[in-house]
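Pasting start-v9.csv here (CSV, C-alpha atoms and all ligand atoms):
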chain,number,residue,atom,x,y,z
F,1,MET,CA,-41.4,-60.3,35.2
F,2,ASN,CA,-40.5,-63.6,33.5
F,3,GLU,CA,-36.8,-64.3,33.9
F,4,GLU,CA,-36.8,-67.4,31.7
F,5,ARG,CA,-34.1,-67.5,29.1
F,6,PRO,CA,-35.2,-66.2,25.7
F,7,ARG,CA,-35.7,-68.9,23.1
F,8,ILE,CA,-34.8,-68.3,19.5
F,9,LEU,CA,-35.8,-70.6,16.6
F,10,VAL,CA,-33.4,-70.4,13.6
F,11,ILE,CA,-35.3,-71.5,10.5
F,12,VAL,CA,-33.5,-72.6,7.3
F,13,GLY,CA,-35.8,-72.0,4.4
F,14,THR,CA,-34.1,-73.6,1.3
F,15,VAL,CA,-34.2,-77.4,0.6
F,16,ARG,CA,-32.4,-78.0,-2.7
F,17,ARG,CA,-29.5,-80.4,-3.0
F,18,GLY,CA,-26.2,-78.5,-2.7
F,19,ARG,CA,-27.8,-75.5,-1.1
F,20,THR,CA,-25.8,-73.0,1.0
F,21,GLY,CA,-28.7,-72.2,3.4
F,22,ARG,CA,-27.7,-74.8,6.0
F,23,ALA,CA,-24.1,-73.7,6.1
F,24,ILE,CA,-25.2,-70.1,6.5
F,25,ALA,CA,-27.6,-71.0,9.4
F,26,ASP,CA,-24.9,-73.1,11.1
F,27,TRP,CA,-22.4,-70.2,10.8
F,28,TYR,CA,-25.0,-67.7,12.2
F,29,LEU,CA,-25.8,-70.0,15.1
F,30,SER,CA,-22.2,-70.3,16.1
F,31,GLN,CA,-21.8,-66.5,16.0
F,32,ALA,CA,-25.0,-66.1,17.9
F,33,ARG,CA,-24.0,-68.6,20.6
F,34,SER,CA,-20.8,-66.7,21.4
F,35,LEU,CA,-22.4,-63.2,21.1
F,36,GLU,CA,-25.6,-63.9,23.1
F,37,PRO,CA,-24.9,-67.0,25.3
F,38,GLN,CA,-27.8,-66.1,27.6
F,39,VAL,CA,-30.2,-67.2,24.8
F,40,ASP,CA,-31.4,-70.7,24.0
F,41,TYR,CA,-31.2,-71.5,20.3
F,42,GLU,CA,-33.0,-74.2,18.3
F,43,LEU,CA,-32.5,-75.0,14.6
F,44,LEU,CA,-35.4,-75.9,12.3
F,45,ASP,CA,-34.3,-77.0,8.9
F,46,VAL,CA,-37.3,-77.1,6.4
F,47,ALA,CA,-35.3,-79.7,4.4
F,48,ASP,CA,-35.6,-82.1,7.3
F,49,LEU,CA,-39.4,-81.9,7.2
F,50,ASP,CA,-40.1,-83.2,3.8
F,51,LEU,CA,-43.2,-81.2,3.6
F,52,PRO,CA,-45.9,-81.7,1.0
F,53,ILE,CA,-47.3,-78.5,-0.7
F,54,PHE,CA,-49.8,-77.1,1.7
F,55,ASP,CA,-53.1,-78.8,1.1
F,56,GLU,CA,-54.9,-78.5,4.5
F,57,PRO,CA,-58.7,-78.0,4.3
F,58,THR,CA,-58.9,-75.1,6.7
F,59,PRO,CA,-56.9,-71.8,6.8
F,60,PRO,CA,-54.5,-72.1,9.8
F,61,LEU,CA,-56.0,-68.9,11.3
F,62,TYR,CA,-58.8,-71.1,12.6
F,63,ARG,CA,-56.4,-73.6,14.2
F,64,GLN,CA,-58.2,-76.7,13.1
F,65,TYR,CA,-54.9,-78.4,12.8
F,66,SER,CA,-54.0,-81.8,11.3
F,67,ALA,CA,-51.5,-84.1,13.1
F,68,LEU,CA,-48.8,-82.7,10.8
F,69,GLN,CA,-49.6,-79.1,11.7
F,70,GLU,CA,-49.6,-79.9,15.4
F,71,ARG,CA,-46.1,-81.4,15.0
F,72,LEU,CA,-44.9,-78.3,13.0
F,73,ALA,CA,-46.5,-76.0,15.6
F,74,GLU,CA,-44.4,-77.3,18.5
F,75,PRO,CA,-41.1,-75.6,17.8
F,76,VAL,CA,-42.7,-72.4,16.6
F,77,ALA,CA,-45.0,-72.3,19.7
F,78,ARG,CA,-42.1,-72.7,22.2
F,79,ALA,CA,-40.0,-70.0,20.5
F,80,ASP,CA,-40.0,-66.4,21.7
F,81,GLY,CA,-38.5,-65.1,18.5
F,82,PHE,CA,-37.2,-66.3,15.1
F,83,VAL,CA,-34.2,-65.9,12.8
F,84,LEU,CA,-35.3,-66.6,9.2
F,85,VAL,CA,-32.4,-67.7,6.9
F,86,SER,CA,-33.4,-67.4,3.3
F,87,GLY,CA,-31.8,-67.4,-0.1
F,88,GLU,CA,-33.3,-65.3,-2.9
F,89,TYR,CA,-35.1,-67.2,-5.7
F,90,ASN,CA,-36.4,-65.1,-8.6
F,91,ARG,CA,-36.3,-62.0,-6.5
F,92,SER,CA,-38.4,-63.5,-3.8
F,93,ILE,CA,-38.3,-66.1,-1.1
F,94,PRO,CA,-38.0,-69.8,-2.0
F,95,GLY,CA,-41.3,-71.7,-2.3
F,96,SER,CA,-40.1,-74.1,0.3
F,97,LEU,CA,-40.0,-71.4,3.0
F,98,LYS,CA,-43.3,-69.9,2.0
F,99,ASN,CA,-44.9,-73.3,2.0
F,100,PHE,CA,-43.6,-73.9,5.6
F,101,LEU,CA,-44.8,-70.5,6.7
F,102,ASP,CA,-48.3,-71.1,5.3
F,103,TYR,CA,-48.9,-74.1,7.6
F,104,LEU,CA,-49.4,-72.3,10.9
F,105,TYR,CA,-50.9,-69.1,12.2
F,106,PRO,CA,-51.3,-68.4,16.0
F,107,GLU,CA,-48.0,-69.8,17.0
F,108,TRP,CA,-46.3,-66.9,15.1
F,109,ASN,CA,-48.4,-64.1,16.4
F,110,ARG,CA,-47.0,-61.2,18.4
F,111,LYS,CA,-43.4,-62.4,18.3
F,112,PRO,CA,-40.4,-60.8,16.6
F,113,ALA,CA,-38.2,-62.1,13.8
F,114,ALA,CA,-34.8,-61.2,12.4
F,115,LEU,CA,-33.9,-61.8,8.7
F,116,VAL,CA,-30.7,-63.3,7.3
F,117,THR,CA,-30.7,-63.3,3.5
F,118,TYR,CA,-28.2,-64.1,0.9
F,119,GLY,CA,-27.9,-64.4,-2.9
F,120,GLY,CA,-26.3,-62.6,-5.8
F,121,PRO,CA,-25.1,-59.0,-5.7
F,122,GLY,CA,-28.3,-57.9,-3.9
F,123,GLY,CA,-27.6,-60.0,-0.9
F,124,GLY,CA,-31.1,-61.4,-0.9
F,125,LEU,CA,-32.7,-58.0,0.0
F,126,ARG,CA,-35.6,-58.5,-2.4
F,127,ALA,CA,-36.4,-61.8,-0.6
F,128,ALA,CA,-36.1,-59.9,2.7
F,129,GLU,CA,-38.7,-57.3,1.6
F,130,HIS,CA,-41.1,-60.1,0.6
F,131,LEU,CA,-40.5,-61.8,3.9
F,132,VAL,CA,-41.4,-58.6,5.8
F,133,GLN,CA,-44.7,-58.6,4.0
F,134,VAL,CA,-45.5,-62.3,4.7
F,135,MET,CA,-44.4,-62.1,8.3
F,136,GLY,CA,-46.6,-59.1,8.8
F,137,ASN,CA,-49.6,-61.1,8.0
F,138,LEU,CA,-48.5,-63.8,10.5
F,139,GLY,CA,-48.5,-61.1,13.2
F,140,VAL,CA,-44.7,-61.1,13.4
F,141,CYS,CA,-42.7,-58.0,14.0
F,142,VAL,CA,-39.6,-58.0,11.8
F,143,VAL,CA,-36.7,-56.1,13.4
F,144,ARG,CA,-35.1,-53.4,11.4
F,145,ASP,CA,-31.5,-54.7,11.5
F,146,GLN,CA,-31.0,-57.3,8.7
F,147,VAL,CA,-28.0,-59.5,7.8
F,148,SER,CA,-27.5,-59.6,4.1
F,149,LEU,CA,-24.8,-61.6,2.4
F,150,PRO,CA,-24.1,-60.7,-1.3
F,151,ARG,CA,-22.3,-63.1,-3.7
F,152,VAL,CA,-22.9,-66.0,-1.3
F,153,TRP,CA,-20.9,-68.4,-3.4
F,154,GLU,CA,-17.8,-66.5,-2.5
F,155,LEU,CA,-18.5,-66.9,1.2
F,156,VAL,CA,-19.2,-70.6,1.5
F,157,GLY,CA,-16.6,-73.2,1.0
F,158,PRO,CA,-15.4,-76.6,2.3
F,159,GLU,CA,-14.0,-74.9,5.4
F,160,GLY,CA,-17.4,-73.3,6.2
F,161,VAL,CA,-18.5,-69.7,5.9
F,162,LYS,CA,-16.1,-66.8,5.8
F,163,VAL,CA,-17.8,-63.4,6.1
F,164,PRO,CA,-15.4,-60.4,6.1
F,165,ASP,CA,-17.5,-58.3,8.4
F,166,ALA,CA,-20.0,-60.0,10.7
F,167,THR,CA,-20.7,-57.0,13.0
F,168,ALA,CA,-24.3,-56.8,11.8
F,169,ILE,CA,-25.1,-59.9,13.7
F,170,ALA,CA,-24.4,-58.4,17.1
F,171,ALA,CA,-26.7,-55.4,16.4
F,172,GLN,CA,-29.4,-57.7,15.0
F,173,LEU,CA,-29.4,-60.1,17.9
F,174,ALA,CA,-29.4,-57.2,20.5
F,175,GLU,CA,-32.5,-55.8,18.7
F,176,LEU,CA,-34.2,-59.2,18.5
F,177,ARG,CA,-33.6,-59.8,22.2
F,178,TRP,CA,-35.1,-56.4,23.1
F,179,TRP,CA,-38.2,-57.2,21.1
F,180,ILE,CA,-38.4,-60.7,22.5
F,181,LEU,CA,-38.4,-59.4,26.1
F,182,ALA,CA,-40.8,-56.6,25.4
F,183,LEU,CA,-43.3,-58.7,23.5
F,184,ARG,CA,-43.1,-61.6,25.9
F,185,ARG,CA,-44.0,-59.3,28.8
F,186,ALA,CA,-46.8,-57.8,26.7
F,187,ARG,CA,-48.2,-61.2,25.8
F,188,GLN,CA,-48.1,-62.4,29.4
F,189,GLY,CA,-49.8,-59.1,30.5
F,190,ALA,CA,-52.5,-59.7,27.9
F,191,GLY,CA,-52.9,-63.4,28.8
F,192,VAL,CA,-51.9,-64.6,25.3
F,201,LIG,C1,-34.2,-71.0,-8.6
F,201,LIG,C2,-33.2,-69.9,-8.3
F,201,LIG,C3,-33.5,-68.6,-8.5
F,201,LIG,C4,-32.5,-67.6,-8.1
F,201,LIG,N1,-32.9,-66.3,-8.2
F,201,LIG,C5,-32.1,-65.3,-7.7
F,201,LIG,C6,-32.5,-64.0,-7.7
F,201,LIG,O1,-33.5,-63.6,-8.2
F,201,LIG,N2,-31.6,-63.1,-7.2
F,201,LIG,C7,-30.4,-63.4,-6.6
F,201,LIG,O2,-29.7,-62.6,-6.1
F,201,LIG,N3,-30.0,-64.7,-6.6
F,201,LIG,C8,-30.8,-65.7,-7.1
F,201,LIG,N4,-30.4,-67.0,-7.1
F,201,LIG,C9,-29.1,-67.3,-6.5
F,201,LIG,C10,-29.4,-67.8,-5.1
F,201,LIG,O3,-29.7,-66.7,-4.3
F,201,LIG,C11,-28.1,-68.5,-4.6
F,201,LIG,O4,-27.9,-69.6,-5.4
F,201,LIG,C12,-28.4,-69.0,-3.2
F,201,LIG,O5,-27.2,-69.7,-2.8
F,201,LIG,C13,-29.6,-69.8,-3.1
F,201,LIG,O6,-29.8,-70.3,-1.8
F,201,LIG,P1,-29.5,-71.9,-1.4
F,201,LIG,O7,-28.1,-72.1,-1.9
F,201,LIG,O8,-29.7,-72.0,0.1
F,201,LIG,O9,-30.5,-72.7,-2.2
F,201,LIG,C14,-31.3,-68.0,-7.5
F,201,LIG,C15,-31.0,-69.3,-7.4
F,201,LIG,C16,-31.9,-70.3,-7.7
F,201,LIG,C17,-31.6,-71.8,-7.5

Written as structure tokens, how would this file's structure read?
Amino acid sequence: MNEERPRILVIVGTVRRGRTGRAIADWYLSQARSLEPQVDYELLDVADLDLPIFDEPTPPLYRQYSALQERLAEPVARADGFVLVSGEYNRSIPGSLKNFLDYLYPEWNRKPAALVTYGGPGGGLRAAEHLVQVMGNLGVCVVRDQVSLPRVWELVGPEGVKVPDATAIAAQLAELRWWILALRRARQGAGV
């Protein structure tokens, strides 16, 4: 059995000026580091990538990657699991997150992800449902426990993020860790 520490990549999907996504991700990370200190965390902010709209000539499934794709693949490949932090834009995920997800394929496969969504009264749950569908096609297993933050503008201020009840994070992380260990063992057994 592989005793290596699980590695979770936290991905921030929005890029607009004045967004709340990065504050939500930083808050989630600080909660996660104290709840599950036995895990290694890495943050990937799509806003830092300055990505063009996907225009690669070959579908990423075939892994004929450009230099840009090779660079994007590195953090995804070294992760055992993902936390996707997404706002809700027009009842779906932001185009910036979908654009990033479209760039790669095998590096996602047979790994689990947990969803953290936020937005208006619906807490980004319509974005979460669309993410389940997209991640399914990337061969990612989305864990059942979701963190959903309604009326996000009431939660984020100059002092950071204040969420009245953050207990959902503990359950979500425990579930994510279970799937990480199970799928890592299965991938190693299958030689992939
Ligand atoms: C283009 C756009 C579309 C939006 N559409 C929705 C929506 O359909 N449902 C919702 O609950 N909130 C919607 N909102 C509110 C966002 O969820 C909220 O502003 C959130 O903070 C956006 O994430 P960000 O701050 O990280 O960009 C929308 C916001 C933007 C900018």

Counting all atoms listed in the file, give me one row per residue of chain F with an atom at most 9 Å from an atom of ligand LIG 201 (chain F), showing the shortest contact pair and its distance in Å to one decimal, sorted by chain then residue number, as JSON lines.
{"residue": "F:Val12", "atom": "CA", "partner": "F:LIG201", "partner_atom": "O8", "distance": 8.2}
{"residue": "F:Gly13", "atom": "CA", "partner": "F:LIG201", "partner_atom": "O8", "distance": 7.5}
{"residue": "F:Thr14", "atom": "CA", "partner": "F:LIG201", "partner_atom": "O8", "distance": 4.8}
{"residue": "F:Val15", "atom": "CA", "partner": "F:LIG201", "partner_atom": "O9", "distance": 6.6}
{"residue": "F:Arg16", "atom": "CA", "partner": "F:LIG201", "partner_atom": "O9", "distance": 5.7}
{"residue": "F:Arg17", "atom": "CA", "partner": "F:LIG201", "partner_atom": "O9", "distance": 7.8}
{"residue": "F:Gly18", "atom": "CA", "partner": "F:LIG201", "partner_atom": "O7", "distance": 6.7}
{"residue": "F:Arg19", "atom": "CA", "partner": "F:LIG201", "partner_atom": "O7", "distance": 3.5}
{"residue": "F:Thr20", "atom": "CA", "partner": "F:LIG201", "partner_atom": "O7", "distance": 3.8}
{"residue": "F:Gly21", "atom": "CA", "partner": "F:LIG201", "partner_atom": "O8", "distance": 3.5}
{"residue": "F:Arg22", "atom": "CA", "partner": "F:LIG201", "partner_atom": "O8", "distance": 6.8}
{"residue": "F:Ala23", "atom": "CA", "partner": "F:LIG201", "partner_atom": "O8", "distance": 8.4}
{"residue": "F:Ile24", "atom": "CA", "partner": "F:LIG201", "partner_atom": "O8", "distance": 8.1}
{"residue": "F:Val85", "atom": "CA", "partner": "F:LIG201", "partner_atom": "O8", "distance": 8.5}
{"residue": "F:Ser86", "atom": "CA", "partner": "F:LIG201", "partner_atom": "O8", "distance": 6.7}
{"residue": "F:Gly87", "atom": "CA", "partner": "F:LIG201", "partner_atom": "O6", "distance": 3.9}
{"residue": "F:Glu88", "atom": "CA", "partner": "F:LIG201", "partner_atom": "O3", "distance": 4.1}
{"residue": "F:Tyr89", "atom": "CA", "partner": "F:LIG201", "partner_atom": "N1", "distance": 3.4}
{"residue": "F:Asn90", "atom": "CA", "partner": "F:LIG201", "partner_atom": "O1", "distance": 3.3}
{"residue": "F:Arg91", "atom": "CA", "partner": "F:LIG201", "partner_atom": "O1", "distance": 3.6}
{"residue": "F:Ser92", "atom": "CA", "partner": "F:LIG201", "partner_atom": "O1", "distance": 6.6}
{"residue": "F:Ile93", "atom": "CA", "partner": "F:LIG201", "partner_atom": "N1", "distance": 8.9}
{"residue": "F:Pro94", "atom": "CA", "partner": "F:LIG201", "partner_atom": "C1", "distance": 7.7}
{"residue": "F:Thr117", "atom": "CA", "partner": "F:LIG201", "partner_atom": "O3", "distance": 8.6}
{"residue": "F:Tyr118", "atom": "CA", "partner": "F:LIG201", "partner_atom": "O3", "distance": 6.0}
{"residue": "F:Gly119", "atom": "CA", "partner": "F:LIG201", "partner_atom": "O3", "distance": 3.2}
{"residue": "F:Gly120", "atom": "CA", "partner": "F:LIG201", "partner_atom": "O2", "distance": 3.4}
{"residue": "F:Pro121", "atom": "CA", "partner": "F:LIG201", "partner_atom": "O2", "distance": 5.9}
{"residue": "F:Gly122", "atom": "CA", "partner": "F:LIG201", "partner_atom": "O2", "distance": 5.4}
{"residue": "F:Gly123", "atom": "CA", "partner": "F:LIG201", "partner_atom": "O2", "distance": 6.2}
{"residue": "F:Gly124", "atom": "CA", "partner": "F:LIG201", "partner_atom": "O2", "distance": 5.5}
{"residue": "F:Leu125", "atom": "CA", "partner": "F:LIG201", "partner_atom": "O2", "distance": 8.2}
{"residue": "F:Arg126", "atom": "CA", "partner": "F:LIG201", "partner_atom": "N2", "distance": 7.8}
{"residue": "F:Ala127", "atom": "CA", "partner": "F:LIG201", "partner_atom": "N2", "distance": 8.3}
{"residue": "F:Pro150", "atom": "CA", "partner": "F:LIG201", "partner_atom": "O2", "distance": 7.6}
{"residue": "F:Arg151", "atom": "CA", "partner": "F:LIG201", "partner_atom": "O2", "distance": 7.8}
{"residue": "F:Val152", "atom": "CA", "partner": "F:LIG201", "partner_atom": "O5", "distance": 5.9}
{"residue": "F:Trp153", "atom": "CA", "partner": "F:LIG201", "partner_atom": "O5", "distance": 6.5}

| query | Nearest to Leu181 (chain F) among F:Gly157, F:Pro6, F:Pro60, F:Pro164, with distances taken over all atoms listed in the file: which residue is it? | reply | F:Pro6

| remark: Separating CA of Asp50 (chain F) from CA of Leu173 (chain F), to the nearest tenth of an Å, is a gap of 29.1 Å

| field | Atomic separation - CA of Arg177 (chain F) relative to CA of Leu131 (chain F), Å | value | 19.7 Å

| request: Enumerate, as an MDAnalysis selection string, the protein, DNA and RNA residues whose atoms approach (-21.5, -64.5, 5.5) to within 8 Å, taking into account all atoms listed in the file and the coordinate frame of the file. | output: chainID F and resid 24 27 148:149 152 155:156 161:166

| field | Nearby residues, (-42.1, -56.0, 7.5) file frame, 12 Å, only C-alpha atoms, as number ranges by chain | value | F: 112-115, 127-146

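You will find CA of Phe100 (chain F) at 28.0 Å from CA of Pro37 (chain F).
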
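Among F:Trp108, F:Trp179, F:Tyr65, F:Tyr103, the residue with the shortest atom-to-atom distance to Pro52 (chain F), counting all atoms listed in the file, is F:Tyr103.
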
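Nearest to Gly81 (chain F) of all the residues F:Arg63, F:Arg7, F:Lys98, F:Arg33 is F:Arg7, based on all atoms listed in the file.
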
| message | Set the distance at 12 Å and use only C-alpha atoms: which residues neighbour Val192 (chain F) once local chain neighbours fewer than 5 positions away are removed? I'd like the list as a ChimeraX atom specification. | response | /F:77,106-111,183-187
